[in-house]
>>> print(open('coords37.cif').read())   # mmCIF, C-alpha atoms and all ligand atoms; chains and numbers go by the auth columns
data_model
#
loop_
_atom_site.group_PDB
_atom_site.id
_atom_site.type_symbol
_atom_site.label_atom_id
_atom_site.label_comp_id
_atom_site.label_asym_id
_atom_site.label_seq_id
_atom_site.Cartn_x
_atom_site.Cartn_y
_atom_site.Cartn_z
_atom_site.B_iso_or_equiv
_atom_site.auth_seq_id
_atom_site.auth_asym_id
ATOM 1 C CA MET A 1 7.680 36.818 -6.137 0.00 1 A
ATOM 2 C CA THR A 2 5.067 36.703 -8.934 0.00 2 A
ATOM 3 C CA ASP A 3 3.448 33.913 -6.965 0.00 3 A
ATOM 4 C CA ARG A 4 3.125 36.175 -3.966 0.00 4 A
ATOM 5 C CA HIS A 5 1.794 38.976 -6.137 0.00 5 A
ATOM 6 C CA GLN A 6 -0.907 36.741 -7.599 0.00 6 A
ATOM 7 C CA ILE A 7 -1.829 35.354 -4.189 0.00 7 A
ATOM 8 C CA ARG A 8 -2.198 38.895 -2.802 0.00 8 A
ATOM 9 C CA GLN A 9 -4.463 39.960 -5.651 0.00 9 A
ATOM 10 C CA GLN A 10 -6.637 36.860 -5.494 0.00 10 A
ATOM 11 C CA ILE A 11 -7.130 36.783 -1.724 0.00 11 A
ATOM 12 C CA ARG A 12 -7.541 40.538 -1.335 0.00 12 A
ATOM 13 C CA GLN A 13 -10.306 40.342 -3.930 0.00 13 A
ATOM 14 C CA ALA A 14 -11.967 37.427 -2.091 0.00 14 A
ATOM 15 C CA ARG A 15 -12.014 39.177 1.285 0.00 15 A
ATOM 16 C CA ARG A 16 -13.273 42.451 -0.211 0.00 16 A
ATOM 17 C CA ALA A 17 -16.171 40.458 -1.700 0.00 17 A
ATOM 18 C CA LEU A 18 -17.485 39.417 1.752 0.00 18 A
ATOM 19 C CA SER A 19 -20.792 41.070 2.624 0.00 19 A
ATOM 20 C CA GLY A 20 -21.238 43.438 5.554 0.00 20 A
ATOM 21 C CA THR A 21 -23.232 40.733 7.325 0.00 21 A
ATOM 22 C CA GLU A 22 -20.469 38.152 6.846 0.00 22 A
ATOM 23 C CA GLN A 23 -17.894 40.647 8.059 0.00 23 A
ATOM 24 C CA GLN A 24 -19.885 41.416 11.197 0.00 24 A
ATOM 25 C CA ALA A 25 -20.514 37.766 11.994 0.00 25 A
ATOM 26 C CA ALA A 26 -16.795 36.970 11.570 0.00 26 A
ATOM 27 C CA SER A 27 -15.756 39.757 13.945 0.00 27 A
ATOM 28 C CA GLU A 28 -18.185 38.583 16.630 0.00 28 A
ATOM 29 C CA VAL A 29 -17.099 34.922 16.453 0.00 29 A
ATOM 30 C CA ILE A 30 -13.465 35.948 16.906 0.00 30 A
ATOM 31 C CA ILE A 31 -14.313 37.406 20.324 0.00 31 A
ATOM 32 C CA ARG A 32 -15.554 33.997 21.483 0.00 32 A
ATOM 33 C CA HIS A 33 -12.259 32.344 20.459 0.00 33 A
ATOM 34 C CA VAL A 34 -10.261 35.014 22.315 0.00 34 A
ATOM 35 C CA ALA A 35 -12.477 34.974 25.407 0.00 35 A
ATOM 36 C CA GLY A 36 -12.060 31.187 25.601 0.00 36 A
ATOM 37 C CA ALA A 37 -8.238 31.271 25.526 0.00 37 A
ATOM 38 C CA GLU A 38 -6.745 32.297 28.864 0.00 38 A
ATOM 39 C CA HIS A 39 -3.424 33.627 27.527 0.00 39 A
ATOM 40 C CA LEU A 40 -5.358 35.954 25.169 0.00 40 A
ATOM 41 C CA ALA A 41 -8.241 36.894 27.458 0.00 41 A
ATOM 42 C CA GLN A 42 -5.875 37.688 30.375 0.00 42 A
ATOM 43 C CA ALA A 43 -3.377 39.749 28.337 0.00 43 A
ATOM 44 C CA GLY A 44 -2.720 43.199 29.807 0.00 44 A
ATOM 45 C CA LYS A 45 -1.414 44.942 26.683 0.00 45 A
ATOM 46 C CA VAL A 46 -2.350 43.902 23.155 0.00 46 A
ATOM 47 C CA ALA A 47 -1.681 45.351 19.709 0.00 47 A
ATOM 48 C CA LEU A 48 -4.550 45.199 17.236 0.00 48 A
ATOM 49 C CA TYR A 49 -5.126 46.995 13.923 0.00 49 A
ATOM 50 C CA LEU A 50 -7.893 48.928 12.179 0.00 50 A
ATOM 51 C CA ALA A 51 -9.412 46.987 9.290 0.00 51 A
ATOM 52 C CA ASN A 52 -8.503 47.912 5.735 0.00 52 A
ATOM 53 C CA ASP A 53 -9.258 46.323 2.360 0.00 53 A
ATOM 54 C CA GLY A 54 -11.701 43.645 3.602 0.00 54 A
ATOM 55 C CA GLU A 55 -9.533 42.482 6.519 0.00 55 A
ATOM 56 C CA LEU A 56 -11.263 40.805 9.435 0.00 56 A
ATOM 57 C CA ASP A 57 -12.461 43.820 11.421 0.00 57 A
ATOM 58 C CA PRO A 58 -11.055 43.699 14.966 0.00 58 A
ATOM 59 C CA GLN A 59 -13.076 46.686 16.272 0.00 59 A
ATOM 60 C CA PRO A 60 -15.604 44.512 18.173 0.00 60 A
ATOM 61 C CA LEU A 61 -12.634 42.665 19.730 0.00 61 A
ATOM 62 C CA ILE A 62 -11.052 46.023 20.594 0.00 62 A
ATOM 63 C CA ASP A 63 -14.312 47.078 22.287 0.00 63 A
ATOM 64 C CA TRP A 64 -14.323 43.803 24.215 0.00 64 A
ATOM 65 C CA TYR A 65 -10.711 44.297 25.364 0.00 65 A
ATOM 66 C CA TRP A 66 -11.542 47.876 26.426 0.00 66 A
ATOM 67 C CA SER A 67 -14.451 46.529 28.473 0.00 67 A
ATOM 68 C CA GLN A 68 -11.996 44.126 30.189 0.00 68 A
ATOM 69 C CA GLY A 69 -9.590 46.958 31.064 0.00 69 A
ATOM 70 C CA THR A 70 -6.947 45.665 28.647 0.00 70 A
ATOM 71 C CA GLN A 71 -4.676 48.311 27.095 0.00 71 A
ATOM 72 C CA VAL A 72 -4.940 48.341 23.293 0.00 72 A
ATOM 73 C CA TYR A 73 -2.224 49.567 20.902 0.00 73 A
ATOM 74 C CA LEU A 74 -2.234 50.233 17.146 0.00 74 A
ATOM 75 C CA PRO A 75 0.564 50.107 14.565 0.00 75 A
ATOM 76 C CA VAL A 76 1.863 53.465 13.331 0.00 76 A
ATOM 77 C CA LEU A 77 4.220 53.706 10.362 0.00 77 A
ATOM 78 C CA HIS A 78 7.639 54.834 11.582 0.00 78 A
ATOM 79 C CA HIS A 79 8.351 58.324 10.248 0.00 79 A
ATOM 80 C CA PHE A 80 12.125 57.931 9.910 0.00 80 A
ATOM 81 C CA SER A 81 12.809 54.226 9.792 0.00 81 A
ATOM 82 C CA PRO A 82 11.227 52.868 6.591 0.00 82 A
ATOM 83 C CA GLY A 83 9.448 49.530 6.879 0.00 83 A
ATOM 84 C CA HIS A 84 9.209 49.688 10.686 0.00 84 A
ATOM 85 C CA LEU A 85 6.164 50.037 12.928 0.00 85 A
ATOM 86 C CA LEU A 86 5.645 51.835 16.231 0.00 86 A
ATOM 87 C CA PHE A 87 2.851 50.891 18.634 0.00 87 A
ATOM 88 C CA LEU A 88 0.734 53.671 20.155 0.00 88 A
ATOM 89 C CA ARG A 89 -1.977 53.498 22.789 0.00 89 A
ATOM 90 C CA TYR A 90 -5.521 53.380 21.414 0.00 90 A
ATOM 91 C CA ASP A 91 -8.395 54.534 23.653 0.00 91 A
ATOM 92 C CA PRO A 92 -11.989 55.402 22.671 0.00 92 A
ATOM 93 C CA ASP A 93 -11.038 59.094 22.506 0.00 93 A
ATOM 94 C CA THR A 94 -7.704 58.736 20.663 0.00 94 A
ATOM 95 C CA ARG A 95 -7.353 61.101 17.685 0.00 95 A
ATOM 96 C CA LEU A 96 -6.701 59.212 14.453 0.00 96 A
ATOM 97 C CA ILE A 97 -5.257 60.402 11.159 0.00 97 A
ATOM 98 C CA ALA A 98 -4.905 58.485 7.886 0.00 98 A
ATOM 99 C CA ASN A 99 -1.396 57.215 7.053 0.00 99 A
ATOM 100 C CA ARG A 100 -0.009 57.112 3.503 0.00 100 A
ATOM 101 C CA PHE A 101 -1.983 53.937 2.797 0.00 101 A
ATOM 102 C CA GLY A 102 -5.209 55.586 3.953 0.00 102 A
ATOM 103 C CA ILE A 103 -5.332 53.495 7.153 0.00 103 A
ATOM 104 C CA PRO A 104 -6.255 55.508 10.292 0.00 104 A
ATOM 105 C CA GLU A 105 -3.569 55.571 12.989 0.00 105 A
ATOM 106 C CA PRO A 106 -3.022 57.507 16.234 0.00 106 A
ATOM 107 C CA LYS A 107 -1.282 60.835 15.748 0.00 107 A
ATOM 108 C CA LEU A 108 2.358 60.410 16.743 0.00 108 A
ATOM 109 C CA ASP A 109 2.714 61.368 20.396 0.00 109 A
ATOM 110 C CA ILE A 110 5.720 60.077 22.298 0.00 110 A
ATOM 111 C CA ARG A 111 3.659 59.769 25.520 0.00 111 A
ATOM 112 C CA LEU A 112 1.441 57.134 23.859 0.00 112 A
ATOM 113 C CA LEU A 113 4.343 55.043 22.560 0.00 113 A
ATOM 114 C CA LEU A 114 4.989 51.576 24.015 0.00 114 A
ATOM 115 C CA PRO A 115 8.230 49.658 23.363 0.00 115 A
ATOM 116 C CA LYS A 116 6.924 46.636 21.472 0.00 116 A
ATOM 117 C CA GLN A 117 8.632 44.134 23.780 0.00 117 A
ATOM 118 C CA GLU A 118 6.213 45.298 26.508 0.00 118 A
ATOM 119 C CA LEU A 119 3.206 44.037 24.550 0.00 119 A
ATOM 120 C CA ASP A 120 1.814 40.638 25.551 0.00 120 A
ATOM 121 C CA VAL A 121 0.213 39.828 22.196 0.00 121 A
ATOM 122 C CA ILE A 122 0.480 41.316 18.701 0.00 122 A
ATOM 123 C CA TYR A 123 -2.615 40.480 16.671 0.00 123 A
ATOM 124 C CA THR A 124 -1.324 40.412 13.126 0.00 124 A
ATOM 125 C CA PRO A 125 -3.188 41.300 9.954 0.00 125 A
ATOM 126 C CA LEU A 126 -2.368 39.196 6.919 0.00 126 A
ATOM 127 C CA VAL A 127 -3.483 38.533 3.374 0.00 127 A
ATOM 128 C CA ALA A 128 -3.034 34.753 3.152 0.00 128 A
ATOM 129 C CA PHE A 129 -2.001 31.883 5.430 0.00 129 A
ATOM 130 C CA ASP A 130 -1.526 28.140 5.109 0.00 130 A
ATOM 131 C CA SER A 131 -2.103 25.177 7.430 0.00 131 A
ATOM 132 C CA ARG A 132 1.500 25.438 8.750 0.00 132 A
ATOM 133 C CA GLY A 133 1.245 29.050 9.919 0.00 133 A
ATOM 134 C CA ASN A 134 3.076 30.649 7.018 0.00 134 A
ATOM 135 C CA ARG A 135 1.727 34.089 6.179 0.00 135 A
ATOM 136 C CA ILE A 136 1.801 36.661 3.408 0.00 136 A
ATOM 137 C CA GLY A 137 1.021 40.265 4.290 0.00 137 A
ATOM 138 C CA MET A 138 0.431 43.413 2.290 0.00 138 A
ATOM 139 C CA GLY A 139 4.021 43.353 1.041 0.00 139 A
ATOM 140 C CA GLY A 140 5.758 46.016 3.105 0.00 140 A
ATOM 141 C CA GLY A 141 7.565 43.582 5.399 0.00 141 A
ATOM 142 C CA PHE A 142 6.284 45.645 8.372 0.00 142 A
ATOM 143 C CA TYR A 143 5.154 42.693 10.446 0.00 143 A
ATOM 144 C CA ASP A 144 8.082 40.501 9.340 0.00 144 A
ATOM 145 C CA ARG A 145 10.381 43.120 10.862 0.00 145 A
ATOM 146 C CA THR A 146 8.200 43.553 13.941 0.00 146 A
ATOM 147 C CA LEU A 147 8.140 39.804 14.580 0.00 147 A
ATOM 148 C CA ALA A 148 11.847 39.208 13.960 0.00 148 A
ATOM 149 C CA ALA A 149 12.430 39.245 17.774 0.00 149 A
ATOM 150 C CA TRP A 150 9.787 36.565 18.264 0.00 150 A
ATOM 151 C CA ARG A 151 11.772 34.114 16.144 0.00 151 A
ATOM 152 C CA GLN A 152 14.695 34.626 18.557 0.00 152 A
ATOM 153 C CA GLY A 153 12.500 33.742 21.502 0.00 153 A
ATOM 154 C CA LEU A 154 11.973 37.389 22.556 0.00 154 A
ATOM 155 C CA GLY A 155 9.119 39.774 22.180 0.00 155 A
ATOM 156 C CA PRO A 156 5.351 39.432 22.110 0.00 156 A
ATOM 157 C CA ARG A 157 3.482 36.459 20.777 0.00 157 A
ATOM 158 C CA PRO A 158 1.973 37.076 17.332 0.00 158 A
ATOM 159 C CA VAL A 159 -1.573 35.867 16.727 0.00 159 A
ATOM 160 C CA GLY A 160 -2.903 36.129 13.175 0.00 160 A
ATOM 161 C CA LEU A 161 -6.490 37.172 12.493 0.00 161 A
ATOM 162 C CA ALA A 162 -8.093 36.215 9.182 0.00 162 A
ATOM 163 C CA HIS A 163 -11.243 35.182 7.380 0.00 163 A
ATOM 164 C CA ASN A 164 -11.649 31.501 6.479 0.00 164 A
ATOM 165 C CA CYS A 165 -11.331 32.413 2.791 0.00 165 A
ATOM 166 C CA GLN A 166 -7.743 33.595 3.332 0.00 166 A
ATOM 167 C CA GLN A 167 -6.432 30.052 3.816 0.00 167 A
ATOM 168 C CA LEU A 168 -4.379 28.470 1.014 0.00 168 A
ATOM 169 C CA PRO A 169 -2.995 24.889 0.847 0.00 169 A
ATOM 170 C CA ALA A 170 0.619 26.138 0.853 0.00 170 A
ATOM 171 C CA ILE A 171 2.405 29.471 0.712 0.00 171 A
ATOM 172 C CA PRO A 172 5.818 30.064 -0.860 0.00 172 A
ATOM 173 C CA THR A 173 8.136 31.318 1.912 0.00 173 A
ATOM 174 C CA ASP A 174 11.212 33.557 2.002 0.00 174 A
ATOM 175 C CA SER A 175 14.065 33.474 4.510 0.00 175 A
ATOM 176 C CA TRP A 176 12.766 36.484 6.448 0.00 176 A
ATOM 177 C CA ASP A 177 9.195 35.185 6.754 0.00 177 A
ATOM 178 C CA ILE A 178 8.162 34.471 10.349 0.00 178 A
ATOM 179 C CA PRO A 179 5.639 31.626 10.651 0.00 179 A
ATOM 180 C CA LEU A 180 2.847 32.350 13.102 0.00 180 A
ATOM 181 C CA PRO A 181 2.532 30.264 16.296 0.00 181 A
ATOM 182 C CA GLU A 182 -1.216 30.936 16.446 0.00 182 A
ATOM 183 C CA LEU A 183 -3.996 32.185 14.193 0.00 183 A
ATOM 184 C CA ILE A 184 -7.728 32.686 14.618 0.00 184 A
ATOM 185 C CA THR A 185 -10.365 32.479 11.904 0.00 185 A
ATOM 186 C CA PRO A 186 -14.118 32.322 12.537 0.00 186 A
ATOM 187 C CA ASP A 187 -13.997 28.540 11.985 0.00 187 A
ATOM 188 C CA GLN A 188 -10.753 27.583 13.712 0.00 188 A
ATOM 189 C CA HIS A 189 -8.270 28.541 16.407 0.00 189 A
ATOM 190 C CA TRP A 190 -4.933 27.301 15.047 0.00 190 A
ATOM 191 C CA ARG A 191 -1.872 26.666 17.258 0.00 191 A
ATOM 192 C CA TRP A 192 1.393 25.416 15.847 0.00 192 A
HETATM 193 N N1 LIG B . -5.041 47.217 8.857 0.00 201 A
HETATM 194 C C1 LIG B . -3.743 47.127 8.614 0.00 201 A
HETATM 195 N N2 LIG B . -2.907 48.028 9.116 0.00 201 A
HETATM 196 C C2 LIG B . -1.582 47.929 8.824 0.00 201 A
HETATM 197 C C3 LIG B . -1.068 46.884 8.024 0.00 201 A
HETATM 198 C C4 LIG B . -1.999 45.925 7.509 0.00 201 A
HETATM 199 O O1 LIG B . -1.641 44.960 6.800 0.00 201 A
HETATM 200 N N3 LIG B . -3.306 46.083 7.830 0.00 201 A
HETATM 201 N N4 LIG B . 0.268 46.816 7.757 0.00 201 A
HETATM 202 C C5 LIG B . 0.954 45.642 7.496 0.00 201 A
HETATM 203 O O2 LIG B . 2.009 45.620 6.996 0.00 201 A
HETATM 204 C C6 LIG B . 1.019 48.076 7.801 0.00 201 A
HETATM 205 C C7 LIG B . 0.696 48.873 6.548 0.00 201 A
HETATM 206 N N5 LIG B . 1.078 48.133 5.371 0.00 201 A
HETATM 207 C C8 LIG B . 0.473 48.285 4.143 0.00 201 A
HETATM 208 C C9 LIG B . 1.192 47.930 3.024 0.00 201 A
HETATM 209 C C10 LIG B . 0.628 48.143 1.752 0.00 201 A
HETATM 210 C C11 LIG B . -0.646 48.683 1.628 0.00 201 A
HETATM 211 C C12 LIG B . -1.269 48.981 0.307 0.00 201 A
HETATM 212 O O3 LIG B . -2.450 49.253 0.210 0.00 201 A
HETATM 213 N N6 LIG B . -0.523 48.962 -0.775 0.00 201 A
HETATM 214 C C13 LIG B . -1.079 49.330 -2.060 0.00 201 A
HETATM 215 C C14 LIG B . -0.041 49.913 -2.979 0.00 201 A
HETATM 216 C C15 LIG B . 0.994 50.755 -2.313 0.00 201 A
HETATM 217 C C16 LIG B . 0.660 52.230 -2.240 0.00 201 A
HETATM 218 O O4 LIG B . -0.492 52.648 -2.341 0.00 201 A
HETATM 219 O O5 LIG B . 1.635 53.002 -2.039 0.00 201 A
HETATM 220 C C17 LIG B . -1.665 48.124 -2.722 0.00 201 A
HETATM 221 O O6 LIG B . -1.059 47.042 -2.625 0.00 201 A
HETATM 222 O O7 LIG B . -2.732 48.268 -3.313 0.00 201 A
HETATM 223 C C18 LIG B . -1.357 48.996 2.758 0.00 201 A
HETATM 224 C C19 LIG B . -0.807 48.795 4.005 0.00 201 A
HETATM 225 C C20 LIG B . 0.652 48.833 9.057 0.00 201 A
HETATM 226 N N7 LIG B . -0.763 48.909 9.261 0.00 201 A
HETATM 227 N N1 LIG B . 13.325 41.165 9.031 0.00 202 A
HETATM 228 C C1 LIG B . 13.537 41.863 7.903 0.00 202 A
HETATM 229 N N2 LIG B . 14.627 42.634 7.761 0.00 202 A
HETATM 230 C C2 LIG B . 14.837 43.331 6.645 0.00 202 A
HETATM 231 N N3 LIG B . 14.028 43.328 5.576 0.00 202 A
HETATM 232 C C3 LIG B . 12.925 42.587 5.633 0.00 202 A
HETATM 233 C C4 LIG B . 12.611 41.822 6.802 0.00 202 A
HETATM 234 N N4 LIG B . 11.448 41.199 6.583 0.00 202 A
HETATM 235 C C5 LIG B . 11.047 41.547 5.344 0.00 202 A
HETATM 236 N N5 LIG B . 11.932 42.383 4.756 0.00 202 A
HETATM 237 C C6 LIG B . 11.787 43.006 3.416 0.00 202 A
HETATM 238 O O1 LIG B . 10.445 43.432 3.262 0.00 202 A
HETATM 239 C C7 LIG B . 9.980 43.132 1.937 0.00 202 A
HETATM 240 C C8 LIG B . 8.522 42.685 1.980 0.00 202 A
HETATM 241 O O2 LIG B . 8.417 41.422 2.609 0.00 202 A
HETATM 242 P P1 LIG B . 7.155 40.466 2.395 0.00 202 A
HETATM 243 O O3 LIG B . 6.749 40.445 0.973 0.00 202 A
HETATM 244 O O4 LIG B . 7.437 39.166 3.076 0.00 202 A
HETATM 245 O O5 LIG B . 6.063 41.308 3.238 0.00 202 A
HETATM 246 P P2 LIG B . 4.730 40.808 3.901 0.00 202 A
HETATM 247 O O6 LIG B . 4.994 39.737 4.909 0.00 202 A
HETATM 248 O O7 LIG B . 3.797 40.469 2.815 0.00 202 A
HETATM 249 O O8 LIG B . 4.241 42.148 4.582 0.00 202 A
HETATM 250 P P3 LIG B . 3.919 42.512 6.111 0.00 202 A
HETATM 251 O O9 LIG B . 4.923 41.822 6.978 0.00 202 A
HETATM 252 O O10 LIG B . 4.026 44.003 6.149 0.00 202 A
HETATM 253 O O11 LIG B . 2.538 42.070 6.390 0.00 202 A
HETATM 254 C C9 LIG B . 10.881 42.059 1.400 0.00 202 A
HETATM 255 O O12 LIG B . 11.250 42.397 0.088 0.00 202 A
HETATM 256 C C10 LIG B . 12.094 42.029 2.317 0.00 202 A
HETATM 257 O O13 LIG B . 13.206 42.498 1.618 0.00 202 A
#
>>> encode(input="coords37.cif", output="structure tokens")
Amino acid sequence: MTDRHQIRQQIRQARRALSGTEQQAASEVIIRHVAGAEHLAQAGKVALYLANDGELDPQPLIDWYWSQGTQVYLPVLHHFSPGHLLFLRYDPDTRLIANRFGIPEPKLDIRLLLPKQELDVIYTPLVAFDSRGNRIGMGGGFYDRTLAAWRQGLGPRPVGLAHNCQQLPAIPTDSWDIPLPELITPDQHWRW
């Protein structure tokens, strides 16, 4: 566990240190990877996230999906079920409010809620990944729980998004960790 703690600190620091220019360039290159992959470009409903703490910023990708007519959803912390996420529709005029981590999310409105199994792709934020698709997140287990269905062959395909500097040679794994089948960095489109 200390290992994971140290990895989180080190990589979070590295991604926060990227310049605004590097961040912008990374976000733009990601769109090219997505546009060139049919199963991602043709998706009808995708979950993305709003960048926090130096994460690769998916907003340009969100704008691109909006321009394609794709429905975009964002994670919202479940109010009653700790550690779980809901996915709510995100449009250009959606009202956002900061959650307890300071990350903006759509205001809870049952009409905007989509059962997660109806998503085609869940783009997944992460802190660190390795060359086998193992990931470490912010530590809440939110995405591990969300992706538990994927491991059983159900539910939407997770696709990690990360900066190149978030790659490590190997990541210590726990039984509940769900390895990613796909991950995109500016330099590489990984598929396992
Ligand atoms: N952009 C984004 N949205 C996301 C996630 C994410 O990783 N990235 N999540 C993915 O799970 C969920 C939120 N999980 C989070 C877990 C911990 C912290 C965090 O900043 N923790 C503090 C200490 C805890 C506290 O302040 O109470 C820290 O580590 O500094 C933030 C988000 C849902 N939304
Ligand atoms: N499928 C699950 N069911 C129940 N508890 C889980 C599950 N997945 C993870 N957890 C719990 O969540 C805690 C945090 O897990 P972990 O450190 O792997 O989070 P993470 O992958 O870094 O975060 P995230 O998934 O939010 O990005 C663990 O202590 C574990 O007990």
>>> residues_around(input="coords37.cif", residues="region 68-79 of chain A", least_positions_apart="5", cutoff="7 Å", atoms="all atoms listed in the file", output="MDAnalysis selection string")
chainID A and resid 43:49 84:90 105:106
>>> atom_distance(input="coords37.cif", atom1="CA of Gln167 (chain A)", atom2="CA of Gly153 (chain A)")
26.2 Å
>>> residues_near_ligand(input="coords37.cif", ligand="ligand LIG 202 (chain A)", cutoff="6 Å", atoms="all atoms listed in the file", output="VMD selection string")
chain A and resid 126 136 to 145 148 176 to 177
>>> residues_around(input="coords37.cif", residues="region 34-39 of chain A", least_positions_apart="6", cutoff="12 Å", atoms="only C-alpha atoms", output="NGL selection string")
:A and (27-28 or 45-46 or 58 or 60-62 or 64-65 or 68 or 120-121 or 123 or 156-157 or 159-161 or 182-186 or 188-191)
>>> atom_distance(input="coords37.cif", atom1="CA of Ile122 (chain A)", atom2="CA of Gly83 (chain A)")
17.0 Å
>>> atom_distance(input="coords37.cif", atom1="CA of Arg151 (chain A)", atom2="CA of Pro179 (chain A)")
8.6 Å
>>> residues_near_point(input="coords37.cif", point="(5.5, 33.0, 5.6)", cutoff="10 Å", atoms="all atoms listed in the file", output="mmCIF file with C-alpha atoms, in the coordinates of the input")
data_model
loop_
_atom_site.group_PDB
_atom_site.id
_atom_site.type_symbol
_atom_site.label_atom_id
_atom_site.label_comp_id
_atom_site.auth_asym_id
_atom_site.auth_seq_id
_atom_site.Cartn_x
_atom_site.Cartn_y
_atom_site.Cartn_z
ATOM 1 C CA ALA A 128 -3.034 34.753 3.152
ATOM 2 C CA PHE A 129 -2.001 31.883 5.430
ATOM 3 C CA ASP A 130 -1.526 28.140 5.109
ATOM 4 C CA ARG A 132 1.500 25.438 8.750
ATOM 5 C CA GLY A 133 1.245 29.050 9.919
ATOM 6 C CA ASN A 134 3.076 30.649 7.018
ATOM 7 C CA ARG A 135 1.727 34.089 6.179
ATOM 8 C CA ILE A 136 1.801 36.661 3.408
ATOM 9 C CA GLY A 137 1.021 40.265 4.290
ATOM 10 C CA ASP A 144 8.082 40.501 9.340
ATOM 11 C CA ALA A 170 0.619 26.138 0.853
ATOM 12 C CA ILE A 171 2.405 29.471 0.712
ATOM 13 C CA PRO A 172 5.818 30.064 -0.860
ATOM 14 C CA THR A 173 8.136 31.318 1.912
ATOM 15 C CA ASP A 174 11.212 33.557 2.002
ATOM 16 C CA SER A 175 14.065 33.474 4.510
ATOM 17 C CA TRP A 176 12.766 36.484 6.448
ATOM 18 C CA ASP A 177 9.195 35.185 6.754
ATOM 19 C CA ILE A 178 8.162 34.471 10.349
ATOM 20 C CA PRO A 179 5.639 31.626 10.651
ATOM 21 C CA LEU A 180 2.847 32.350 13.102
#
>>> resolve_selection(input="coords37.cif", expression="the PyMOL selection byres (((chain A and resi 18-20) around 12) and not hetatm)", output="VMD selection string")
chain A and resid 11 to 17 21 to 27 53 to 57 163 to 166
>>> decode(input="coords37.cif", residues="region 14-30 of chain A", atoms="N, CA and C atoms", output="mmCIF file, in the first residue's frame")
data_model
loop_
_atom_site.group_PDB
_atom_site.id
_atom_site.type_symbol
_atom_site.label_atom_id
_atom_site.label_comp_id
_atom_site.auth_asym_id
_atom_site.auth_seq_id
_atom_site.Cartn_x
_atom_site.Cartn_y
_atom_site.Cartn_z
ATOM 1 N N ALA A 14 4.447 14.817 -11.101
ATOM 2 C CA ALA A 14 4.987 14.911 -12.471
ATOM 3 C C ALA A 14 3.940 15.482 -13.430
ATOM 4 N N ARG A 15 2.696 15.057 -13.312
ATOM 5 C CA ARG A 15 1.703 15.542 -14.284
ATOM 6 C C ARG A 15 1.287 16.979 -13.973
ATOM 7 N N ARG A 16 1.332 17.357 -12.690
ATOM 8 C CA ARG A 16 1.034 18.765 -12.356
ATOM 9 C C ARG A 16 2.110 19.695 -12.898
ATOM 10 N N ALA A 17 3.332 19.151 -13.077
ATOM 11 C CA ALA A 17 4.464 19.974 -13.524
ATOM 12 C C ALA A 17 4.440 20.242 -15.037
ATOM 13 N N LEU A 18 3.542 19.580 -15.783
ATOM 14 C CA LEU A 18 3.468 19.835 -17.228
ATOM 15 C C LEU A 18 3.005 21.267 -17.463
ATOM 16 N N SER A 19 3.556 21.893 -18.500
ATOM 17 C CA SER A 19 3.173 23.280 -18.799
ATOM 18 C C SER A 19 1.804 23.314 -19.480
ATOM 19 N N GLY A 20 1.202 24.490 -19.506
ATOM 20 C CA GLY A 20 -0.066 24.668 -20.204
ATOM 21 C C GLY A 20 0.033 24.271 -21.670
ATOM 22 N N THR A 21 1.161 24.604 -22.285
ATOM 23 C CA THR A 21 1.375 24.264 -23.695
ATOM 24 C C THR A 21 1.435 22.753 -23.887
ATOM 25 N N GLU A 22 2.155 22.072 -23.000
ATOM 26 C CA GLU A 22 2.245 20.603 -23.091
ATOM 27 C C GLU A 22 0.873 19.974 -22.883
ATOM 28 N N GLN A 23 0.139 20.517 -21.923
ATOM 29 C CA GLN A 23 -1.204 19.994 -21.657
ATOM 30 C C GLN A 23 -2.092 20.135 -22.891
ATOM 31 N N GLN A 24 -2.059 21.294 -23.497
ATOM 32 C CA GLN A 24 -2.905 21.546 -24.672
ATOM 33 C C GLN A 24 -2.540 20.632 -25.826
ATOM 34 N N ALA A 25 -1.228 20.504 -26.065
ATOM 35 C CA ALA A 25 -0.778 19.646 -27.165
ATOM 36 C C ALA A 25 -1.234 18.210 -26.923
ATOM 37 N N ALA A 26 -1.100 17.733 -25.691
ATOM 38 C CA ALA A 26 -1.496 16.351 -25.357
ATOM 39 C C ALA A 26 -2.973 16.134 -25.646
ATOM 40 N N SER A 27 -3.808 17.078 -25.237
ATOM 41 C CA SER A 27 -5.255 16.937 -25.430
ATOM 42 C C SER A 27 -5.621 16.873 -26.909
ATOM 43 N N GLU A 28 -4.922 17.657 -27.723
ATOM 44 C CA GLU A 28 -5.221 17.685 -29.162
ATOM 45 C C GLU A 28 -4.805 16.377 -29.844
ATOM 46 N N VAL A 29 -3.639 15.838 -29.449
ATOM 47 C CA VAL A 29 -3.159 14.600 -30.079
ATOM 48 C C VAL A 29 -4.104 13.435 -29.781
ATOM 49 N N ILE A 30 -4.670 13.439 -28.584
ATOM 50 C CA ILE A 30 -5.593 12.374 -28.186
ATOM 51 C C ILE A 30 -6.774 12.277 -29.162
#
